[in-house]
Structure formats: C-alpha cells, structure tokens
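Enquirer: File protein_11.tsv below, TSV, C-alpha atoms:
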```
chain	number	residue	atom	x	y	z
T	330	MET	CA	0.00	0.00	0.00
T	331	SER	CA	1.37	3.44	-0.89
T	332	LEU	CA	1.92	6.12	1.70
T	333	PRO	CA	-1.03	8.39	2.49
T	334	VAL	CA	-1.08	11.75	0.74
T	335	VAL	CA	-2.07	14.73	2.90
T	336	GLY	CA	-2.95	18.00	1.26
T	337	VAL	CA	-2.40	21.47	2.70
T	338	LEU	CA	-4.66	24.25	1.45
T	339	ALA	CA	-2.16	26.65	-0.13
T	340	VAL	CA	-4.16	29.68	-1.23
T	341	GLN	CA	-2.89	31.85	1.65
T	342	GLY	CA	-1.21	31.55	5.03
T	343	ASP	CA	1.63	29.46	6.45
T	344	PHE	CA	1.04	26.36	4.35
T	345	ARG	CA	4.75	25.78	3.65
T	346	GLU	CA	5.47	25.15	7.32
T	347	HIS	CA	2.71	22.54	7.53
T	348	LEU	CA	3.98	20.79	4.40
T	349	ALA	CA	7.47	20.53	5.90
T	350	VAL	CA	6.25	19.16	9.25
T	351	LEU	CA	3.97	16.59	7.60
T	352	GLU	CA	6.81	15.39	5.38
T	353	GLY	CA	8.74	14.86	8.60
T	354	GLN	CA	5.93	12.63	9.82
T	355	GLY	CA	6.56	10.26	6.90
T	356	LEU	CA	3.60	11.38	4.83
T	357	HIS	CA	3.44	12.40	1.21
T	358	THR	CA	2.15	15.95	0.89
T	359	ARG	CA	0.52	18.09	-1.74
T	360	ALA	CA	-0.07	21.84	-1.87
T	361	VAL	CA	-3.72	22.38	-2.81
T	362	ARG	CA	-4.65	25.38	-4.95
T	363	ARG	CA	-7.00	23.78	-7.50
T	364	PRO	CA	-9.95	21.39	-7.17
T	365	ALA	CA	-8.12	18.55	-8.96
T	366	GLU	CA	-5.44	18.61	-6.26
T	367	LEU	CA	-7.99	17.45	-3.68
T	368	GLU	CA	-8.47	14.14	-5.48
T	369	GLY	CA	-7.03	11.06	-3.79
T	370	LEU	CA	-6.15	12.79	-0.52
T	371	SER	CA	-6.14	10.83	2.73
T	372	GLY	CA	-6.12	13.97	4.86
T	373	LEU	CA	-6.14	17.76	4.63
T	374	VAL	CA	-4.73	20.66	6.65
T	375	LEU	CA	-6.32	24.11	6.69
T	376	PRO	CA	-3.46	26.39	7.79
T	377	GLY	CA	-3.28	29.61	9.72
T	378	GLY	CA	-3.51	32.90	7.89
T	379	GLU	CA	-6.39	35.32	7.37
T	380	SER	CA	-9.71	33.48	7.49
T	381	THR	CA	-11.57	36.09	5.44
T	382	THR	CA	-8.95	35.92	2.68
T	383	ILE	CA	-8.87	32.12	2.71
T	384	ASP	CA	-12.67	32.06	2.43
T	385	LYS	CA	-12.66	34.47	-0.53
T	386	LEU	CA	-9.86	32.67	-2.37
T	387	THR	CA	-11.39	29.21	-1.97
T	388	ARG	CA	-14.50	30.55	-3.67
T	389	ILE	CA	-12.55	32.38	-6.40
T	390	PHE	CA	-10.51	29.24	-7.18
T	391	GLY	CA	-13.57	26.98	-7.24
T	392	LEU	CA	-12.43	25.07	-4.15
T	393	ARG	CA	-15.38	25.61	-1.83
T	394	GLU	CA	-17.69	22.86	-3.11
T	395	PRO	CA	-14.89	20.27	-3.52
T	396	LEU	CA	-13.72	21.07	0.03
T	397	LEU	CA	-17.23	20.56	1.36
T	398	GLN	CA	-17.39	17.21	-0.43
T	399	LEU	CA	-14.05	16.17	1.07
T	400	LEU	CA	-15.21	17.12	4.55
T	401	GLY	CA	-18.41	15.17	4.03
T	402	SER	CA	-16.46	12.06	3.02
T	403	GLY	CA	-14.98	11.64	6.51
T	404	VAL	CA	-11.35	12.25	5.53
T	405	PRO	CA	-9.36	13.59	8.53
T	406	VAL	CA	-8.97	17.37	8.45
T	407	TYR	CA	-6.85	19.53	10.77
T	408	GLY	CA	-7.34	23.28	11.04
T	409	SER	CA	-4.92	25.60	12.86
T	410	CYS	CA	-5.88	29.17	13.83
T	411	ALA	CA	-7.67	30.46	10.69
T	412	GLY	CA	-8.19	26.80	9.80
T	413	MET	CA	-10.13	26.35	13.04
T	414	ILE	CA	-12.39	29.23	12.00
T	415	MET	CA	-12.90	27.63	8.58
T	416	LEU	CA	-13.99	24.36	10.23
T	417	ALA	CA	-16.36	25.94	12.76
T	418	ASP	CA	-20.11	25.74	12.25
T	419	ARG	CA	-20.58	29.11	13.96
T	420	VAL	CA	-18.28	32.14	14.24
T	421	VAL	CA	-18.62	35.26	16.37
T	422	ASP	CA	-17.25	38.57	15.02
T	423	THR	CA	-17.05	37.45	11.41
T	424	ALA	CA	-16.32	39.87	8.63
T	425	PRO	CA	-19.32	40.85	6.46
T	426	GLY	CA	-20.18	38.01	4.09
T	427	GLN	CA	-17.61	35.62	5.55
T	428	GLN	CA	-18.43	31.93	5.18
T	429	THR	CA	-16.91	28.86	6.78
T	430	LEU	CA	-16.75	25.29	5.56
T	431	GLY	CA	-18.18	23.98	8.83
T	432	GLY	CA	-18.20	20.45	10.13
T	433	LEU	CA	-17.12	21.16	13.71
T	434	ASP	CA	-20.07	21.66	16.05
T	435	VAL	CA	-18.46	24.62	17.80
T	436	THR	CA	-18.86	28.36	18.18
T	437	VAL	CA	-15.54	30.15	17.63
T	438	ARG	CA	-14.73	33.78	18.37
T	439	ARG	CA	-12.53	35.31	15.70
T	440	ASN	CA	-9.45	37.30	16.89
T	441	ALA	CA	-10.49	36.46	20.45
T	442	PHE	CA	-7.06	37.11	21.98
T	443	GLY	CA	-6.61	40.49	20.31
T	444	ARG	CA	-4.49	41.89	17.53
T	445	GLN	CA	-1.06	40.90	16.23
T	446	VAL	CA	0.65	42.84	19.03
T	447	ASP	CA	-1.23	40.70	21.56
T	448	SER	CA	0.39	37.47	20.34
T	449	PHE	CA	1.71	35.25	23.12
T	450	GLU	CA	3.13	31.82	23.97
T	451	VAL	CA	2.12	29.40	26.72
T	452	ASP	CA	2.54	25.73	27.66
T	453	LEU	CA	-0.68	23.70	27.56
T	454	ASP	CA	-1.72	20.30	28.84
T	455	PHE	CA	-3.09	18.50	25.78
T	456	THR	CA	-5.30	15.42	26.07
T	457	GLY	CA	-4.10	12.57	23.87
T	458	ILE	CA	-0.51	13.81	23.59
T	459	GLU	CA	2.21	12.32	25.78
T	460	GLY	CA	5.50	13.84	26.83
T	461	GLY	CA	4.39	16.83	28.86
T	462	PRO	CA	2.81	20.17	27.97
T	463	VAL	CA	2.62	21.42	24.39
T	464	HIS	CA	4.25	24.80	23.73
T	465	ALA	CA	1.63	26.91	21.95
T	466	VAL	CA	2.04	30.12	19.95
T	467	PHE	CA	-1.07	32.28	19.55
T	468	ILE	CA	-1.15	34.91	16.76
T	469	ARG	CA	-4.44	36.82	16.33
T	470	ALA	CA	-5.98	33.57	17.45
T	471	PRO	CA	-9.58	32.47	17.94
T	472	TRP	CA	-10.91	30.54	20.88
T	473	VAL	CA	-13.84	28.14	21.17
T	474	GLU	CA	-16.75	29.59	23.13
T	475	LYS	CA	-19.23	26.70	22.86
T	476	VAL	CA	-18.93	23.04	21.92
T	477	GLY	CA	-21.56	20.56	20.81
T	478	ALA	CA	-22.19	17.24	22.51
T	479	GLY	CA	-19.89	15.33	20.16
T	480	VAL	CA	-16.89	17.64	20.53
T	481	GLU	CA	-13.98	16.87	22.88
T	482	VAL	CA	-11.95	19.76	24.28
T	483	LEU	CA	-8.29	18.71	24.18
T	484	ALA	CA	-6.60	21.82	25.59
T	485	ARG	CA	-7.47	25.02	27.44
T	486	THR	CA	-5.50	28.12	28.27
T	487	PRO	CA	-4.77	28.83	31.95
T	488	GLU	CA	-7.79	31.17	31.86
T	489	GLY	CA	-10.02	28.30	30.74
T	490	HIS	CA	-10.53	29.13	27.07
T	491	ALA	CA	-10.84	26.04	24.84
T	492	VAL	CA	-8.08	26.18	22.21
T	493	ALA	CA	-7.91	22.61	20.87
T	494	VAL	CA	-10.88	20.41	19.97
T	495	ARG	CA	-11.67	17.20	18.17
T	496	GLN	CA	-14.88	15.83	16.71
T	497	GLY	CA	-14.42	12.49	14.99
T	498	ASN	CA	-11.93	12.99	12.16
T	499	LEU	CA	-11.85	16.78	12.57
T	500	LEU	CA	-9.07	18.31	14.68
T	501	ALA	CA	-8.54	22.02	15.32
T	502	THR	CA	-6.22	24.23	17.35
T	503	SER	CA	-6.23	27.98	17.95
T	504	PHE	CA	-2.45	27.99	17.95
T	505	HIS	CA	0.35	27.29	15.47
T	506	PRO	CA	2.24	24.05	16.24
T	507	GLU	CA	3.90	24.15	12.81
T	508	ILE	CA	6.24	26.97	13.92
T	509	THR	CA	7.38	25.79	17.36
T	510	GLY	CA	9.51	22.73	16.59
T	511	ASP	CA	7.15	20.61	18.71
T	512	HIS	CA	5.47	18.37	16.17
T	513	ARG	CA	3.31	16.25	18.46
T	514	VAL	CA	0.02	17.80	17.27
T	515	HIS	CA	0.97	16.87	13.71
T	516	SER	CA	1.91	13.40	14.95
T	517	LEU	CA	-1.59	13.08	16.39
T	518	PHE	CA	-3.08	14.15	13.07
T	519	ALA	CA	-0.81	11.77	11.14
T	520	ALA	CA	-2.06	8.95	13.37
T	521	MET	CA	-5.65	9.96	12.59
T	522	VAL	CA	-4.84	9.81	8.86
T	523	ARG	CA	-3.20	6.39	9.11
T	524	THR	CA	-6.10	5.03	11.16
T	525	HIS	CA	-8.55	6.29	8.55
T	526	VAL	CA	-6.53	4.79	5.71
T	527	HIS	CA	-6.27	1.46	7.51
T	528	SER	CA	-9.98	1.33	8.29
T	529	SER	CA	-11.01	2.33	4.77
T	530	GLY	CA	-8.42	0.16	3.04
T	531	VAL	CA	-7.44	2.91	0.61
T	532	SER	CA	-4.63	5.43	0.33
T	533	GLY	CA	-3.51	8.11	-2.03
T	534	PRO	CA	-1.04	7.69	-4.88
T	535	VAL	CA	2.69	7.68	-4.33
```
Can you turn what I pasted into structure tokens?
Expert:
Amino acid sequence: MSLPVVGVLAVQGDFREHLAVLEGQGLHTRAVRRPAELEGLSGLVLPGGESTTIDKLTRIFGLREPLLQLLGSGVPVYGSCAGMIMLADRVVDTAPGQQTLGGLDVTVRRNAFGRQVDSFEVDLDFTGIEGGPVHAVFIRAPWVEKVGAGVEVLARTPEGHAVAVRQGNLLATSFHPEITGDHRVHSLFAAMVRTHVHSSGVSGPV
C-alpha cells in the first residue's frame, strides 16, 4: 500500500510550514490550490492565515464545493488558527459576508485574543498527547466559546478558554504548532490519517 497523501490548502497563510512538518511525519504531501489537487487525498490541513482571505480565495478558485465534499467524506482534516475558523459551524465577530466550511459543532470567536501585538506563547496540557505540555504560539488567534455534545476539548488556556478540539476525524487548534519545533500535534493528526486509511483500506497515490 502506498503512503497516504495529505494536502495542505495553499491559497494563503503558512502552508509551507505545515507541508514541511507533515513530510517529517513520513507522509506524502501536496499543496492544494486547485480542485483537482484534492483528489485522492487521505487527509487535509487548513493552515493559519487570514480566514476572510482564505474564504474568498477558496470561492474564487472553485475550491469551496470540492472542500465541502471532502469534509463530508470523513477524511481527517486539521485546522490551525484560521483553519479552526474555517472548520467551525458558527463564528462570532465574522467579517461581512464571511463563510466557513463547517463540520465542527463549535462556536468560535474570531481574533479572540486580540491583535497581532497581543500574540503570546504558553505551555498547555493536551489530552491525547504524551511527553508533557505542548508549547503553543497564539497569533491573532480564535478561541472556542461553545462546543456541541460530540466535541472533545483537548486543551485550554490557563484562563479556561478552549483552544484545541476534536470531533471524529476533525481536529482544530487555535495555535500554530507548525512553527514551534514541537510536532506532536501533527503526529496526532498523522495517526488519525493512518487510522482512517487502515480502516477504509485505501490510500492516495505515491
């Protein structure tokens, strides 16, 4: 069986960092800018960036409907920062006309921690990850205000804000693990991808 192929949405944001970390997890990767590049994927990452811009560009490039189809297929998807916003069913403080892809039964507050100058770092206990706290970097980050019954909160800030959640094959963090050198969140996602591939008996092309 060939190695799974994980795509990273590459219309805007820090997609290059995610591609590099996923390659380090022993996965094949693919930058996704066109609908055809979603075909055959065993997983997808929605990176950090500007959620309003990502939303607009996915529609301009004809990616919105294919992304919705991929999400509906049950393929594991991980969203970090803006990617968390894109996965949320409900968003507070959205820009006019902003749409999300949805799938996560959560309410997310956009730019909850403040502006770029309010960026910060903190160590977080993270359910499902061994080896001690995860070092988290927050840059104009959202937080999760409400979760549905099927959503597990994996990490909270010291103040109690939910900043990492999982619902089935959907994983999301408010922070940016791709830039810290601590790749355990990506390892968790890689394990989700491999479990999905094993259970479905299919994988992407080499």
Enquirer: Which residues of range 367-469 of chain T come within 10 Å of range 505-514 of chain T, and what is each one's closest atom pair and distance in Å (one decimal), counting only C-alpha atoms, sorted by chain and residue number, as CSV?
Expert:
```
residue,atom,partner,partner_atom,distance
T:Pro376,CA,T:His505,CA,8.6
T:Gly377,CA,T:His505,CA,7.2
T:Tyr407,CA,T:Val514,CA,9.6
T:Gly408,CA,T:His505,CA,9.7
T:Ser409,CA,T:His505,CA,6.1
T:Cys410,CA,T:His505,CA,6.7
T:Ala411,CA,T:His505,CA,9.9
T:Glu450,CA,T:Thr509,CA,9.9
T:Phe455,CA,T:Val514,CA,9.1
T:Gly457,CA,T:Val514,CA,9.4
T:Ile458,CA,T:Arg513,CA,6.8
T:Glu459,CA,T:Arg513,CA,8.4
T:Gly460,CA,T:Arg513,CA,9.0
T:Val463,CA,T:Asp511,CA,7.3
T:His464,CA,T:Asp511,CA,7.2
T:Ala465,CA,T:Pro506,CA,6.4
T:Val466,CA,T:His505,CA,5.6
T:Phe467,CA,T:His505,CA,6.6
T:Ile468,CA,T:His505,CA,7.9
```
Enquirer: Which is closest to Gly426 in chain T among T:Gln354, T:Arg438, T:Asp384, T:Ala493, if we use all atoms listed in the file?
Expert: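 Smallest distance to Gly426 in chain T is found for T:Asp384.
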Enquirer: For a quick check of understanding, using only C-alpha atoms, which of T:Val435, T:Val406, T:Ala519, T:Val340 has the smallest distance to Glu352 in chain T?
Expert: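 Between T:Val435, T:Val406, T:Ala519, T:Val340, the residue approaching Glu352 in chain T most closely is T:Ala519.
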Enquirer: Around the point (-13.9, 23.6, -1.5) in the file's coordinates, collect all residues with an atom within 12 Å, using only C-alpha atoms, and return them as a PDB file with C-alpha atoms, keeping the file's coordinate frame.
Expert:
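result34.pdb, written as the output of this step:
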```pdb
ATOM      1  CA  LEU T 338      -4.660  24.250   1.450  1.00  0.00           C
ATOM      2  CA  VAL T 340      -4.160  29.680  -1.230  1.00  0.00           C
ATOM      3  CA  VAL T 361      -3.720  22.380  -2.810  1.00  0.00           C
ATOM      4  CA  ARG T 362      -4.650  25.380  -4.950  1.00  0.00           C
ATOM      5  CA  ARG T 363      -7.000  23.780  -7.500  1.00  0.00           C
ATOM      6  CA  PRO T 364      -9.950  21.390  -7.170  1.00  0.00           C
ATOM      7  CA  ALA T 365      -8.120  18.550  -8.960  1.00  0.00           C
ATOM      8  CA  GLU T 366      -5.440  18.610  -6.260  1.00  0.00           C
ATOM      9  CA  LEU T 367      -7.990  17.450  -3.680  1.00  0.00           C
ATOM     10  CA  GLU T 368      -8.470  14.140  -5.480  1.00  0.00           C
ATOM     11  CA  LEU T 373      -6.140  17.760   4.630  1.00  0.00           C
ATOM     12  CA  LEU T 375      -6.320  24.110   6.690  1.00  0.00           C
ATOM     13  CA  ILE T 383      -8.870  32.120   2.710  1.00  0.00           C
ATOM     14  CA  ASP T 384     -12.670  32.060   2.430  1.00  0.00           C
ATOM     15  CA  LYS T 385     -12.660  34.470  -0.530  1.00  0.00           C
ATOM     16  CA  LEU T 386      -9.860  32.670  -2.370  1.00  0.00           C
ATOM     17  CA  THR T 387     -11.390  29.210  -1.970  1.00  0.00           C
ATOM     18  CA  ARG T 388     -14.500  30.550  -3.670  1.00  0.00           C
ATOM     19  CA  ILE T 389     -12.550  32.380  -6.400  1.00  0.00           C
ATOM     20  CA  PHE T 390     -10.510  29.240  -7.180  1.00  0.00           C
ATOM     21  CA  GLY T 391     -13.570  26.980  -7.240  1.00  0.00           C
ATOM     22  CA  LEU T 392     -12.430  25.070  -4.150  1.00  0.00           C
ATOM     23  CA  ARG T 393     -15.380  25.610  -1.830  1.00  0.00           C
ATOM     24  CA  GLU T 394     -17.690  22.860  -3.110  1.00  0.00           C
ATOM     25  CA  PRO T 395     -14.890  20.270  -3.520  1.00  0.00           C
ATOM     26  CA  LEU T 396     -13.720  21.070   0.030  1.00  0.00           C
ATOM     27  CA  LEU T 397     -17.230  20.560   1.360  1.00  0.00           C
ATOM     28  CA  GLN T 398     -17.390  17.210  -0.430  1.00  0.00           C
ATOM     29  CA  LEU T 399     -14.050  16.170   1.070  1.00  0.00           C
ATOM     30  CA  LEU T 400     -15.210  17.120   4.550  1.00  0.00           C
ATOM     31  CA  GLY T 401     -18.410  15.170   4.030  1.00  0.00           C
ATOM     32  CA  MET T 415     -12.900  27.630   8.580  1.00  0.00           C
ATOM     33  CA  LEU T 416     -13.990  24.360  10.230  1.00  0.00           C
ATOM     34  CA  GLN T 428     -18.430  31.930   5.180  1.00  0.00           C
ATOM     35  CA  THR T 429     -16.910  28.860   6.780  1.00  0.00           C
ATOM     36  CA  LEU T 430     -16.750  25.290   5.560  1.00  0.00           C
ATOM     37  CA  GLY T 431     -18.180  23.980   8.830  1.00  0.00           C
TER      38      GLY T 431
END
```
Enquirer: Between CA of Leu348 in chain T and CA of Ser503 in chain T, what distance in Å does the model show, to one decimal?
Expert: 18.4 Å
Enquirer: Give the answer as one residue: which of T:Gly369, T:Leu453, T:Ala339, T:Arg469 has the shortest atom-to-atom distance to Thr486 in chain T, using all atoms listed in the file?
Expert: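 Once distances to Thr486 in chain T are computed over all atoms listed in the file, the minimum belongs to T:Leu453.
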Enquirer: Closest to Pro487 in chain T among T:Val451, T:Gly372, T:His527, T:Ala424, using all atoms listed in the file?
Expert: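 Looking at the shortest contact to Pro487 in chain T, the residue is T:Val451.
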Enquirer: Find the residues near Gly378 in chain T: any atom within 7 Å, counting all atoms listed in the file, skip ones fewer than 4 places away on the same chain, and give them as a PyMOL selection string.
Expert: chain T and resi 341-343+411
Enquirer: Just give me the gap between CA of Leu517 in chain T and CA of Val420 in chain T in Å, one decimal is fine.
Expert: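 Taking CA of Leu517 in chain T as the start and CA of Val420 in chain T as the end point, the length is 25.4 Å.
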Enquirer: Dump as a tab-separated table the rows for residues of range 376-463 of chain T within 9 Å of range 475-481 of chain T: closest atom pair and distance in Å with one decimal, all atoms listed in the file counted, ordered by chain and rising residue number.
Expert:
```
residue	atom	partner	partner_atom	distance
T:Leu433	CA	T:Val480	CA	7.7
T:Asp434	CA	T:Gly477	CA	5.1
T:Val435	CA	T:Val476	CA	4.4
T:Thr436	CA	T:Lys475	CA	5.0
T:Val437	CA	T:Lys475	CA	7.3
```
Enquirer: Between CA of Gly403 in chain T and CA of Val473 in chain T, what is the distance in Å, rounded to a tenth?
Expert: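 Calculated distance between CA of Gly403 in chain T and CA of Val473 in chain T is 22.1 Å.
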Enquirer: Pick out the residues sitting within 10 Å of Pro405 in chain T, and hand them over as a ChimeraX atom specification; count all atoms listed in the file, and ignore anything fewer than 6 positions along from it in its own chain.
Expert: /T:335,370-374,399,497-500,518-526
Enquirer: With all atoms listed in the file as the atoms that count, which of T:Thr381, T:Ala484, T:Ser516, T:Pro333 lies nearest to Asp452 in chain T?
Expert: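 Ranked by minimum distance to Asp452 in chain T, first place goes to T:Ala484.
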